[in-house]
$ cat work.txt   # compact mmCIF, C-alpha atoms and all ligand atoms
# COMPACT_ATOMS: atom_id res chain seq x y z
CA MET L 232 49.46 -32.77 65.51
CA LYS L 233 48.03 -36.26 65.45
CA TYR L 234 45.74 -37.01 62.52
CA ILE L 235 43.77 -40.09 61.54
CA GLY L 236 44.17 -41.47 58.05
CA LEU L 237 42.08 -43.77 55.91
CA ALA L 238 43.51 -45.79 53.04
CA ASP L 239 40.75 -46.93 50.71
CA CYS L 240 41.31 -48.95 47.54
CA ASN L 241 39.38 -47.64 44.54
CA ASN L 242 36.72 -49.96 43.07
CA PHE L 243 38.63 -52.73 44.78
CA PHE L 244 37.37 -55.95 43.14
CA VAL L 245 37.53 -54.34 39.70
CA SER L 246 41.06 -53.10 40.38
CA CYS L 247 42.12 -56.63 41.46
CA GLU L 248 40.85 -58.03 38.15
CA ARG L 249 42.74 -55.31 36.25
CA VAL L 250 46.06 -56.17 37.91
CA PHE L 251 46.32 -59.18 35.60
CA ARG L 252 44.33 -57.66 32.76
CA PRO L 253 45.95 -54.28 32.13
CA ASP L 254 44.05 -54.11 28.84
CA LEU L 255 40.96 -53.45 30.95
CA TRP L 256 42.13 -50.11 32.38
CA GLY L 257 39.87 -47.44 30.94
CA ARG L 258 37.26 -50.00 29.90
CA PRO L 259 33.96 -50.66 31.69
CA VAL L 260 34.30 -53.61 34.11
CA VAL L 261 31.90 -55.12 36.67
CA VAL L 262 32.23 -57.90 39.25
CA LEU L 263 29.21 -60.03 40.20
CA SER L 264 28.25 -61.41 43.61
CA SER L 265 28.60 -65.12 44.32
CA ASN L 266 26.31 -67.09 42.04
CA ASP L 267 26.58 -64.26 39.50
CA GLY L 268 23.45 -62.66 40.96
CA ALA L 269 24.09 -58.95 41.42
CA ILE L 270 26.67 -56.29 40.66
CA VAL L 271 29.03 -55.79 43.60
CA ALA L 272 31.80 -53.71 42.04
CA ARG L 273 31.82 -51.21 39.20
CA SER L 274 34.61 -49.38 37.40
CA GLU L 275 34.33 -45.60 36.99
CA GLU L 276 33.19 -46.13 33.38
CA VAL L 277 30.27 -48.28 34.61
CA LYS L 278 29.36 -45.78 37.34
CA LYS L 279 29.19 -43.12 34.61
CA LEU L 280 26.73 -45.27 32.66
CA GLY L 281 24.44 -44.96 35.68
CA VAL L 282 24.43 -48.68 36.56
CA PRO L 283 23.64 -48.77 40.29
CA MET L 284 25.45 -50.84 42.93
CA GLY L 285 23.70 -54.09 43.86
CA VAL L 286 21.42 -54.24 40.83
CA PRO L 287 20.60 -57.79 39.60
CA TYR L 288 22.90 -58.65 36.71
CA PHE L 289 20.13 -59.76 34.36
CA LYS L 290 18.55 -56.31 34.52
CA VAL L 291 21.60 -54.55 33.10
CA ARG L 292 23.11 -57.36 31.02
CA ASP L 293 22.10 -55.87 27.66
CA GLU L 294 23.18 -52.37 28.60
CA LEU L 295 26.58 -53.60 29.74
CA GLU L 296 27.04 -55.68 26.63
CA LYS L 297 26.27 -52.69 24.44
CA ALA L 298 28.87 -50.65 26.31
CA GLY L 299 31.48 -53.39 25.73
CA ALA L 300 31.79 -54.07 29.46
CA LYS L 301 33.86 -56.97 30.76
CA VAL L 302 32.00 -59.04 33.37
CA PHE L 303 33.69 -61.09 36.11
CA SER L 304 32.36 -63.57 38.68
CA SER L 305 33.73 -62.98 42.18
CA ASN L 306 37.21 -64.38 42.67
CA PHE L 307 37.65 -64.09 46.43
CA ASP L 308 40.92 -66.01 46.45
CA LEU L 309 42.41 -63.29 44.30
CA TYR L 310 40.80 -60.38 46.16
CA SER L 311 41.80 -61.53 49.62
CA ASP L 312 45.37 -62.15 48.50
CA ILE L 313 45.65 -58.67 46.92
CA SER L 314 44.01 -57.21 50.06
CA LYS L 315 46.63 -58.91 52.23
CA ARG L 316 49.41 -57.43 50.10
CA VAL L 317 47.97 -53.92 50.41
CA MET L 318 47.52 -54.30 54.19
CA ASP L 319 51.02 -55.75 54.63
CA THR L 320 52.54 -52.78 52.83
CA LEU L 321 50.49 -50.27 54.87
CA HIS L 322 51.49 -52.07 58.05
CA GLU L 323 55.17 -52.06 57.09
CA GLU L 324 55.14 -48.37 56.19
CA LEU L 325 52.83 -47.00 58.87
CA GLY L 326 53.15 -49.35 61.84
CA VAL L 327 49.85 -50.02 63.54
CA ILE L 328 46.86 -50.06 61.23
CA TYR L 329 43.22 -50.88 61.88
CA GLN L 330 41.81 -52.86 58.97
CA TYR L 331 38.20 -51.84 58.66
CA SER L 332 37.21 -53.90 55.64
CA VAL L 333 38.76 -55.91 52.82
CA ASP L 334 39.96 -52.71 51.15
CA GLU L 335 40.06 -50.05 53.88
CA ALA L 336 42.36 -49.40 56.82
CA PHE L 337 42.73 -46.60 59.35
CA PHE L 338 46.01 -45.42 60.84
CA THR L 339 47.35 -42.47 62.81
CA MET L 340 49.93 -40.02 61.56
CA GLU L 341 51.86 -37.19 63.18
CA VAL L 342 51.34 -34.19 60.89
CA LYS L 343 53.76 -31.27 60.99
CA SER L 344 52.51 -29.56 57.86
CA VAL L 345 49.77 -30.34 55.37
CA LYS L 346 52.27 -30.19 52.54
CA GLU L 347 54.57 -32.77 54.12
CA ALA L 348 51.66 -35.09 54.89
CA LYS L 349 50.47 -34.91 51.30
CA ILE L 350 53.93 -35.80 50.00
CA GLU L 351 54.12 -38.80 52.34
CA LEU L 352 50.68 -40.08 51.34
CA ALA L 353 51.45 -39.63 47.65
CA ARG L 354 54.62 -41.68 48.19
CA LEU L 355 52.57 -44.49 49.80
CA LYS L 356 50.04 -44.38 47.02
CA THR L 357 52.75 -44.73 44.38
CA LEU L 358 54.45 -47.50 46.34
CA ILE L 359 51.28 -49.62 46.56
CA GLN L 360 50.36 -48.88 42.98
CA LYS L 361 53.82 -50.08 41.91
CA ASN L 362 54.29 -53.06 44.25
CA VAL L 363 50.74 -54.42 44.42
CA GLY L 364 49.14 -52.85 41.38
CA VAL L 365 45.92 -51.33 42.71
CA PRO L 366 45.03 -47.63 42.99
CA LEU L 367 43.92 -46.23 46.32
CA SER L 368 42.84 -42.97 47.92
CA PHE L 369 44.00 -41.45 51.18
CA GLY L 370 42.09 -39.16 53.48
CA LEU L 371 43.70 -37.53 56.50
CA ALA L 372 41.72 -35.58 59.11
CA PRO L 373 41.32 -35.15 62.88
CA THR L 374 38.82 -38.05 63.27
CA MET L 375 37.84 -41.32 61.56
CA THR L 376 34.53 -39.92 60.29
CA LEU L 377 36.28 -36.88 58.81
CA ALA L 378 39.07 -39.04 57.34
CA LYS L 379 36.43 -41.09 55.56
CA TYR L 380 34.83 -37.92 54.23
CA ALA L 381 38.25 -36.60 53.16
CA SER L 382 39.12 -39.82 51.33
CA GLU L 383 36.15 -39.31 49.00
CA LEU L 384 37.14 -35.75 48.05
CA GLU L 385 40.06 -36.64 45.81
CA LYS L 386 38.93 -40.11 44.72
CA ARG L 387 38.75 -39.02 41.10
CA GLY L 388 41.65 -36.59 41.43
CA SER L 389 45.06 -36.88 43.06
CA GLY L 390 43.86 -39.56 45.48
CA VAL L 391 45.35 -37.71 48.41
CA SER L 392 43.43 -35.30 50.59
CA VAL L 393 44.17 -33.67 53.93
CA LEU L 394 41.28 -32.03 55.73
CA THR L 395 42.25 -29.70 58.57
CA MET L 396 39.76 -28.53 61.17
CA LYS L 397 39.90 -25.09 59.57
CA ASP L 398 38.96 -26.48 56.12
CA TRP L 399 36.19 -28.53 57.67
CA GLU L 400 34.70 -25.61 59.58
CA VAL L 401 34.30 -23.77 56.29
CA GLN L 402 32.85 -26.75 54.40
CA ARG L 403 30.54 -28.31 56.92
CA ASP L 404 27.70 -25.79 56.62
CA THR L 405 26.91 -27.08 53.17
CA VAL L 406 27.79 -30.76 53.57
CA SER L 407 24.67 -32.93 53.67
CA LEU L 408 24.46 -35.47 56.50
CA SER L 409 23.78 -38.22 53.97
CA GLU L 410 27.36 -37.78 52.73
CA ILE L 411 28.69 -38.71 56.16
CA TRP L 412 30.00 -42.19 56.90
CA GLY L 413 27.55 -44.34 58.80
CA VAL L 414 24.54 -42.16 58.04
CA GLY L 415 22.58 -44.66 55.93
CA GLY L 416 19.15 -44.58 54.36
CA ALA L 417 17.07 -45.11 57.51
CA THR L 418 19.16 -42.68 59.58
CA THR L 419 19.03 -40.03 56.86
CA GLN L 420 15.24 -40.40 56.84
CA LYS L 421 15.05 -40.02 60.61
CA MET L 422 17.33 -36.99 60.52
CA ARG L 423 15.15 -35.41 57.86
CA GLU L 424 12.07 -35.91 60.01
CA HIS L 425 13.83 -33.89 62.70
CA ASN L 426 14.83 -31.23 60.18
CA LEU L 427 18.49 -32.15 60.32
CA ILE L 428 19.77 -31.84 56.76
CA THR L 429 23.31 -30.52 56.88
CA VAL L 430 26.19 -31.20 59.24
CA ALA L 431 25.75 -27.68 60.57
CA ASP L 432 22.10 -28.47 61.49
CA PHE L 433 23.28 -31.50 63.42
CA LEU L 434 26.05 -29.65 65.24
CA SER L 435 23.88 -26.72 66.25
CA ALA L 436 21.19 -29.02 67.66
CA ASP L 437 21.04 -29.42 71.41
CA ASN L 438 23.20 -32.30 72.69
CA SER L 439 20.49 -33.81 74.87
CA ARG L 440 18.07 -33.70 71.96
CA ILE L 441 20.54 -35.60 69.74
CA GLU L 442 21.08 -38.18 72.45
CA LYS L 443 17.36 -38.61 72.93
CA ILE L 444 16.75 -39.22 69.24
CA PHE L 445 19.86 -41.14 68.18
CA GLY L 446 21.28 -42.53 71.42
CA VAL L 447 25.00 -42.82 72.06
CA ASN L 448 25.73 -43.26 68.33
CA GLY L 449 24.37 -39.75 67.83
CA THR L 450 26.59 -38.18 70.47
CA ARG L 451 29.55 -40.13 69.16
CA LEU L 452 28.89 -38.84 65.64
CA GLY L 453 28.59 -35.30 67.05
CA SER L 454 32.02 -35.52 68.70
CA GLU L 455 33.64 -36.96 65.61
CA LEU L 456 32.15 -34.18 63.47
CA ARG L 457 33.48 -31.61 65.96
CA GLY L 458 36.97 -33.03 65.55
CA ILE L 459 37.09 -34.99 68.81
CA PRO L 460 38.24 -38.50 67.88
CA ALA L 461 36.46 -41.57 69.24
CA LYS L 462 38.67 -44.43 70.34
CA MET L 463 40.00 -46.34 67.35
CA PRO L 464 39.44 -50.09 67.61
CA GLU L 465 42.45 -52.37 67.45
CA ASN L 466 43.08 -55.29 65.16
CA ASP L 467 44.51 -58.44 66.54
CA GLU L 468 44.47 -61.39 64.20
CA ALA L 469 44.02 -63.89 67.02
CA GLN L 470 41.04 -61.92 68.30
CA GLN L 471 39.23 -62.08 65.01
CA LYS L 472 35.73 -62.96 66.10
CA SER L 473 34.79 -65.66 63.66
CA ILE L 474 35.71 -67.38 60.41
CA MET L 475 32.92 -68.21 58.05
CA SER L 476 32.85 -70.31 54.90
CA THR L 477 29.54 -70.56 53.12
CA ARG L 478 28.13 -70.61 49.62
CA SER L 479 24.87 -71.01 47.73
CA PHE L 480 24.46 -73.93 45.37
CA SER L 481 23.67 -73.44 41.70
CA LYS L 482 20.82 -76.01 42.08
CA THR L 483 18.93 -77.08 45.19
CA THR L 484 19.59 -80.50 46.71
CA THR L 485 17.68 -82.88 48.97
CA SER L 486 20.63 -85.21 49.46
CA LEU L 487 22.33 -85.46 52.85
CA ALA L 488 25.45 -86.83 51.17
CA VAL L 489 25.74 -83.74 48.96
CA LEU L 490 25.22 -81.43 51.94
CA GLU L 491 27.87 -83.29 53.91
CA GLU L 492 30.27 -82.88 51.00
CA ALA L 493 29.63 -79.15 50.87
CA LEU L 494 29.98 -78.81 54.65
CA ALA L 495 33.21 -80.83 54.58
CA TYR L 496 34.58 -78.47 51.96
CA HIS L 497 33.69 -75.40 54.06
CA THR L 498 35.11 -77.01 57.21
CA ALA L 499 38.39 -77.64 55.40
CA ARG L 500 38.51 -74.01 54.18
CA ALA L 501 37.72 -72.51 57.57
CA SER L 502 40.12 -74.71 59.54
CA GLU L 503 42.86 -74.02 57.00
CA GLU L 504 42.35 -70.32 57.66
CA LEU L 505 42.49 -70.95 61.41
CA ARG L 506 45.83 -72.71 61.08
CA SER L 507 47.30 -70.07 58.82
CA SER L 508 46.50 -67.41 61.42
CA HIS L 509 47.90 -69.62 64.19
CA SER L 510 44.65 -69.86 66.06
CA LYS L 511 42.06 -72.35 67.26
CA ALA L 512 38.28 -72.24 67.52
CA GLY L 513 36.26 -73.07 70.61
CA LYS L 514 32.88 -73.08 68.96
CA LEU L 515 31.46 -74.46 65.73
CA SER L 516 28.20 -73.64 63.95
CA ILE L 517 26.71 -75.04 60.79
CA MET L 518 23.96 -73.69 58.62
CA LEU L 519 21.69 -75.34 56.06
CA GLY L 520 19.66 -72.82 54.10
CA THR L 521 16.77 -73.00 51.67
CA ASN L 522 15.75 -70.65 48.89
CA ARG L 523 14.72 -67.35 50.48
CA HIS L 524 12.06 -66.83 47.84
CA SER L 525 10.31 -70.18 48.16
CA GLU L 526 7.74 -71.84 50.39
CA TRP L 527 10.69 -73.59 52.07
CA VAL L 528 12.02 -70.36 53.51
CA LEU L 529 11.40 -71.43 57.12
CA GLN L 530 12.97 -74.87 56.71
CA GLY L 531 16.54 -73.66 56.94
CA ALA L 532 18.30 -74.48 60.19
CA THR L 533 21.43 -73.79 62.15
CA SER L 534 23.07 -75.72 64.92
CA GLU L 535 26.08 -75.05 67.06
CA SER L 536 28.34 -76.87 69.39
CA VAL L 537 30.90 -75.73 71.95
CA LEU L 538 33.97 -77.87 71.44
CA PRO L 539 35.48 -79.69 74.43
CA TYR L 540 38.74 -77.86 73.76
CA PRO L 541 39.79 -75.28 71.16
CA THR L 542 41.08 -76.92 68.00
CA ASN L 543 42.10 -76.23 64.41
CA ASP L 544 42.18 -79.88 63.41
CA THR L 545 40.03 -80.50 60.33
CA ILE L 546 39.36 -84.11 61.33
CA VAL L 547 38.06 -83.19 64.79
CA LEU L 548 35.91 -80.41 63.37
CA LEU L 549 34.58 -82.59 60.55
CA ARG L 550 33.35 -85.23 62.96
CA GLU L 551 31.36 -82.61 64.84
CA VAL L 552 30.06 -81.02 61.63
CA GLU L 553 28.69 -84.38 60.45
CA ARG L 554 27.00 -85.01 63.77
CA LEU L 555 25.30 -81.60 63.69
CA ALA L 556 24.30 -81.94 60.04
CA ARG L 557 22.59 -85.28 60.62
CA ALA L 558 20.69 -83.80 63.53
CA ILE L 559 19.20 -80.85 61.64
CA PHE L 560 18.78 -82.37 58.16
CA VAL L 561 15.15 -82.81 57.12
CA LYS L 562 14.21 -85.25 54.38
CA ASP L 563 12.79 -83.85 51.11
CA VAL L 564 13.62 -80.23 51.89
CA PRO L 565 15.35 -78.59 48.89
CA TYR L 566 18.45 -76.98 50.39
CA LYS L 567 20.13 -74.11 48.57
CA LYS L 568 23.02 -73.19 50.83
CA ALA L 569 25.40 -74.65 53.39
CA GLY L 570 28.03 -73.10 55.57
CA VAL L 571 30.30 -73.40 58.56
CA VAL L 572 31.23 -70.75 61.13
CA LEU L 573 34.12 -71.12 63.57
CA SER L 574 34.17 -68.76 66.56
CA GLN L 575 35.55 -68.23 70.07
CA ILE L 576 38.91 -67.97 68.42
CA THR L 577 42.06 -67.98 70.51
CA ALA L 578 45.75 -67.96 69.71
CA ASP L 579 47.32 -71.31 68.95
CA ASP L 580 49.88 -71.08 71.77
CA HIS L 581 47.15 -70.61 74.34
CA LEU L 582 46.95 -74.16 75.64
CA GLN L 583 43.81 -75.13 77.40
CA LEU L 584 42.91 -78.43 78.98
CA ASP L 585 39.56 -79.90 78.17
CA LEU L 586 36.87 -80.42 80.76
CA PHE L 587 38.14 -83.86 81.60
CA GLY L 588 41.72 -82.76 82.00
CA SER L 589 43.07 -84.91 79.22
CA GLN L 590 44.26 -82.74 76.38
CA GLN L 591 43.40 -84.81 73.36
CA VAL L 592 46.13 -83.42 71.21
CA SER L 593 45.28 -84.59 67.74
CA ASP L 594 47.91 -85.09 65.13
CA ASN L 595 48.63 -81.52 64.14
CA LYS L 596 51.70 -82.67 62.23
CA LEU L 597 49.33 -84.29 59.78
CA MET L 598 47.49 -80.97 59.36
CA SER L 599 50.66 -79.01 58.73
CA VAL L 600 51.83 -81.57 56.15
CA ILE L 601 48.47 -81.31 54.36
CA ASP L 602 48.66 -77.50 54.44
CA THR L 603 52.18 -77.54 53.01
CA VAL L 604 51.29 -79.94 50.21
CA ASN L 605 48.20 -77.93 49.31
CA LYS L 606 50.15 -74.72 49.36
CA ASN L 607 52.82 -76.09 47.03
CA LEU L 608 50.76 -78.24 44.69
CA GLY L 609 47.53 -76.28 44.64
CA LYS L 610 44.40 -76.08 46.73
CA ASP L 611 42.73 -79.44 47.48
CA SER L 612 45.63 -81.61 46.28
CA ILE L 613 45.00 -83.51 49.51
CA THR L 614 41.55 -83.41 51.05
CA ILE L 615 40.07 -85.20 54.01
CA GLY L 616 37.06 -87.39 53.40
CA ARG L 617 34.67 -85.65 51.06
CA ALA L 618 36.01 -82.14 51.20
CA ARG L 619 36.64 -81.71 47.48
CA TYR L 620 34.84 -78.91 45.69
CA LYS L 621 32.19 -80.26 43.33
CA GLU L 622 30.40 -78.69 40.46
CA SER L 623 27.23 -80.52 41.54
CA TRP L 624 26.80 -78.24 44.55
CA GLY L 625 29.15 -75.47 43.57
CA SER L 626 27.75 -72.07 42.73
CA ASN L 627 27.47 -70.35 39.37
CA HIS L 628 30.63 -68.51 38.47
CA ASN L 629 30.54 -68.37 34.73
CA PHE L 630 32.91 -65.47 34.28
CA GLN L 631 35.62 -66.19 36.84
CA SER L 632 39.20 -65.07 36.30
CA SER L 633 42.20 -67.16 37.37
CA ARG L 634 43.52 -67.30 40.93
CA TYR L 635 46.78 -65.81 39.63
CA THR L 636 48.47 -65.29 42.97
CA THR L 637 47.37 -68.28 45.04
CA SER L 638 47.28 -71.28 42.69
CA TRP L 639 50.30 -72.62 40.79
CA SER L 640 48.12 -74.19 38.12
CA GLU L 641 46.42 -70.85 37.39
CA ILE L 642 49.50 -68.68 37.25
CA MET L 643 49.73 -66.43 34.22
CA ARG L 644 51.62 -67.90 31.21
CA LEU L 645 53.68 -65.78 28.88
CA ARG L 646 54.67 -66.91 25.45
MG MG E 701 37.05 -48.95 48.45
$ encode --input "work.txt" --output "structure tokens" --more "lines below"
Ligand SMILES: [Mg+2]
Amino acid sequence: MKYIGLADCNNFFVSCERVFRPDLWGRPVVVLSSNDGAIVARSEEVKKLGVPMGVPYFKVRDELEKAGAKVFSSNFDLYSDISKRVMDTLHEELGVIYQYSVDEAFFTMEVKSVKEAKIELARLKTLIQKNVGVPLSFGLAPTMTLAKYASELEKRGSGVSVLTMKDWEVQRDTVSLSEIWGVGGATTQKMREHNLITVADFLSADNSRIEKIFGVNGTRLGSELRGIPAKMPENDEAQQKSIMSTRSFSKTTTSLAVLEEALAYHTARASEELRSSHSKAGKLSIMLGTNRHSEWVLQGATSESVLPYPTNDTIVLLREVERLARAIFVKDVPYKKAGVVLSQITADDHLQLDLFGSQQVSDNKLMSVIDTVNKNLGKDSITIGRARYKESWGSNHNFQSSRYTTSWSEIMRLR
């Protein structure tokens, strides 16, 4: 029988930090959001302390210190590299996977017996733990929603759980709807208003009533909870919808030159990512943001431009970014954030003539040389124009660990 599986890394950002700090296993660890603002990942020890997800760091700083917790700033270079290693292994072992988030992926599996499936998942878990170094949990069930539910069951136990329809039919009378994937705060509230508390309540309600209240999402949820799988989306790297690079500054700035520097940095990052996934972007957007909690809140602006032909050339993109930035920049506004989004992404081999018929092929050899040098000698060894990362507009990251796996200069030293 065909089952759907979910692989979900446990406390992912924390686990990434622990790969290179094995002394931190068993100790309380948190990871902060960009700019060190809020808590975005907690180890089990921190969850036990009752520190909630998303709480501002300053509110729990003393409590964490007392508990001897180790605090990290976000290190996305490290996390996305570890994520890629996990996904590559899953892909190699399982064939087609659907990556749902940085640390979760769905897959399908032919299940002959529950026992056999459990052995196979335990093997995968050990393999990833050994080769990549992060713990994960598996849930296997007839649908994605049930696989997600299953993956939570053994999170603190064996990490492997198989939920058959028979098991589910016994359990679902007592399972609260709020425990179900995708049923968030507002939906839970709405369900409560209609006296729908448990999964059984939801399933015994009239179909047309569910559709009237919750629309097609409601009927879809109903099918998934009955064991009828919805279509699983497919991942195709080239079809990735957009690439975004953006960051808040530690201090506000009113300088166009500083904003252009920040935008150049983000353009370089985003186009580098385009090239590494062998794709090009057809559309470019930039964003200048102000402090959300100030009188300047409405002064932020975005602007976008459809490129004459899809490109992944940093120089071409930079020229357009500068033009857009100058058009939306307003004097004396204290900006707090800048970012670049590349979209309408197509595969690199998909040649397309521009509107005027003359493909302005820019020097992509130059780009690949720059990428190679940066890969070998470290990020930003060669930058174009003003694309270097600067502390002046960089964000706060006071507790950042090293980029152990992606930067030669930050590789771990042993004595
Ligand atoms: Mg996770």
$ closest_atom_pairs --input "work.txt" --of "chain L" --to "ligand MG 701 (chain E)" --cutoff "9 Å" --atoms "all atoms listed in the file" --output "JSON lines"
{"residue": "L:Ala238", "atom": "CA", "partner": "E:MG701", "partner_atom": "MG", "distance": 8.5}
{"residue": "L:Asp239", "atom": "CA", "partner": "E:MG701", "partner_atom": "MG", "distance": 4.8}
{"residue": "L:Cys240", "atom": "CA", "partner": "E:MG701", "partner_atom": "MG", "distance": 4.4}
{"residue": "L:Asn241", "atom": "CA", "partner": "E:MG701", "partner_atom": "MG", "distance": 4.7}
{"residue": "L:Asn242", "atom": "CA", "partner": "E:MG701", "partner_atom": "MG", "distance": 5.5}
{"residue": "L:Phe243", "atom": "CA", "partner": "E:MG701", "partner_atom": "MG", "distance": 5.5}
{"residue": "L:Phe244", "atom": "CA", "partner": "E:MG701", "partner_atom": "MG", "distance": 8.8}
{"residue": "L:Ser332", "atom": "CA", "partner": "E:MG701", "partner_atom": "MG", "distance": 8.7}
{"residue": "L:Val333", "atom": "CA", "partner": "E:MG701", "partner_atom": "MG", "distance": 8.4}
{"residue": "L:Asp334", "atom": "CA", "partner": "E:MG701", "partner_atom": "MG", "distance": 5.5}
{"residue": "L:Glu335", "atom": "CA", "partner": "E:MG701", "partner_atom": "MG", "distance": 6.3}
{"residue": "L:Leu367", "atom": "CA", "partner": "E:MG701", "partner_atom": "MG", "distance": 7.7}
{"residue": "L:Ser368", "atom": "CA", "partner": "E:MG701", "partner_atom": "MG", "distance": 8.3}
$ closest_atom_pairs --input "work.txt" --of "region 444-557 of chain L" --to "region 260-282 of chain L" --cutoff "8 Å" --atoms "only C-alpha atoms" --output "CSV"
residue,atom,partner,partner_atom,distance
L:Arg478,CA,L:Ser265,CA,7.6
L:Ser479,CA,L:Asn266,CA,7.1
L:Phe480,CA,L:Asn266,CA,7.8
L:Ser481,CA,L:Asn266,CA,6.9
$ residues_around --input "work.txt" --residues "Leu434 (chain L)" --least-positions-apart "2" --cutoff "12 Å" --atoms "only C-alpha atoms" --output "list in words"
Glu400, Arg403, Asp404, Val406, Leu408, Leu427, Ile428, Thr429, Val430, Ala431, Asp432, Ala436, Asp437, Asn438, Ser439, Arg440, Ile441, Gly449, Thr450, Arg451, Leu452, Gly453, Ser454, Glu455, Leu456, Arg457 and Gly458 of chain L
$ atom_distance --input "work.txt" --atom1 "CA of Trp639 (chain L)" --atom2 "CA of Arg500 (chain L)"
17.9 Å
$ closest_residue --input "work.txt" --among "L:Trp399, L:Leu295, L:Val363, L:Glu641" --to "Pro283 (chain L)" --atoms "all atoms listed in the file"
L:Leu295
$ closest_residue --input "work.txt" --among "L:Tyr540, L:Trp412, L:Tyr234, L:Phe560" --to "Lys511 (chain L)" --atoms "only C-alpha atoms"
L:Tyr540
$ residues_near_point --input "work.txt" --point "(47.4, -37.0, 44.7)" --cutoff "12 Å" --atoms "only C-alpha atoms" --output "list in words"
Lys346, Ala348, Lys349, Ile350, Glu351, Leu352, Ala353, Arg354, Leu355, Lys356, Thr357, Pro366, Leu367, Ser368, Phe369, Gly370, Ser382, Leu384, Glu385, Lys386, Arg387, Gly388, Ser389, Gly390, Val391, Ser392 and Val393 of chain L
$ closest_residue --input "work.txt" --among "L:His524, L:Lys343, L:Lys472, L:Arg249" --to "Tyr635 (chain L)" --atoms "only C-alpha atoms"
L:Arg249
$ residues_around --input "work.txt" --residues "Ser632 (chain L)" --least-positions-apart "4" --cutoff "12 Å" --atoms "only C-alpha atoms" --output "ChimeraX atom specification"
/L:244-245,247-252,262-263,301-310,628,636,641-643
$ closest_residue --input "work.txt" --among "L:Asn522, L:Ser612, L:Ile474, L:Gly513" --to "Gln575 (chain L)" --atoms "all atoms listed in the file"
L:Gly513
$ closest_atom_pairs --input "work.txt" --of "region 251-355 of chain L" --to "region 372-378 of chain L" --cutoff "12 Å" --atoms "all atoms listed in the file" --output "tab-separated table"
residue	atom	partner	partner_atom	distance
L:Tyr329	CA	L:Met375	CA	11.0
L:Tyr331	CA	L:Met375	CA	10.9
L:Glu335	CA	L:Ala378	CA	11.6
L:Ala336	CA	L:Met375	CA	10.4
L:Phe337	CA	L:Met375	CA	7.5
L:Phe338	CA	L:Met375	CA	9.2
L:Thr339	CA	L:Pro373	CA	9.5
L:Met340	CA	L:Ala372	CA	9.6
L:Glu341	CA	L:Pro373	CA	10.7
L:Val342	CA	L:Ala372	CA	9.9
L:Val345	CA	L:Ala372	CA	10.3
L:Ala348	CA	L:Ala372	CA	10.8
L:Lys349	CA	L:Ala372	CA	11.7
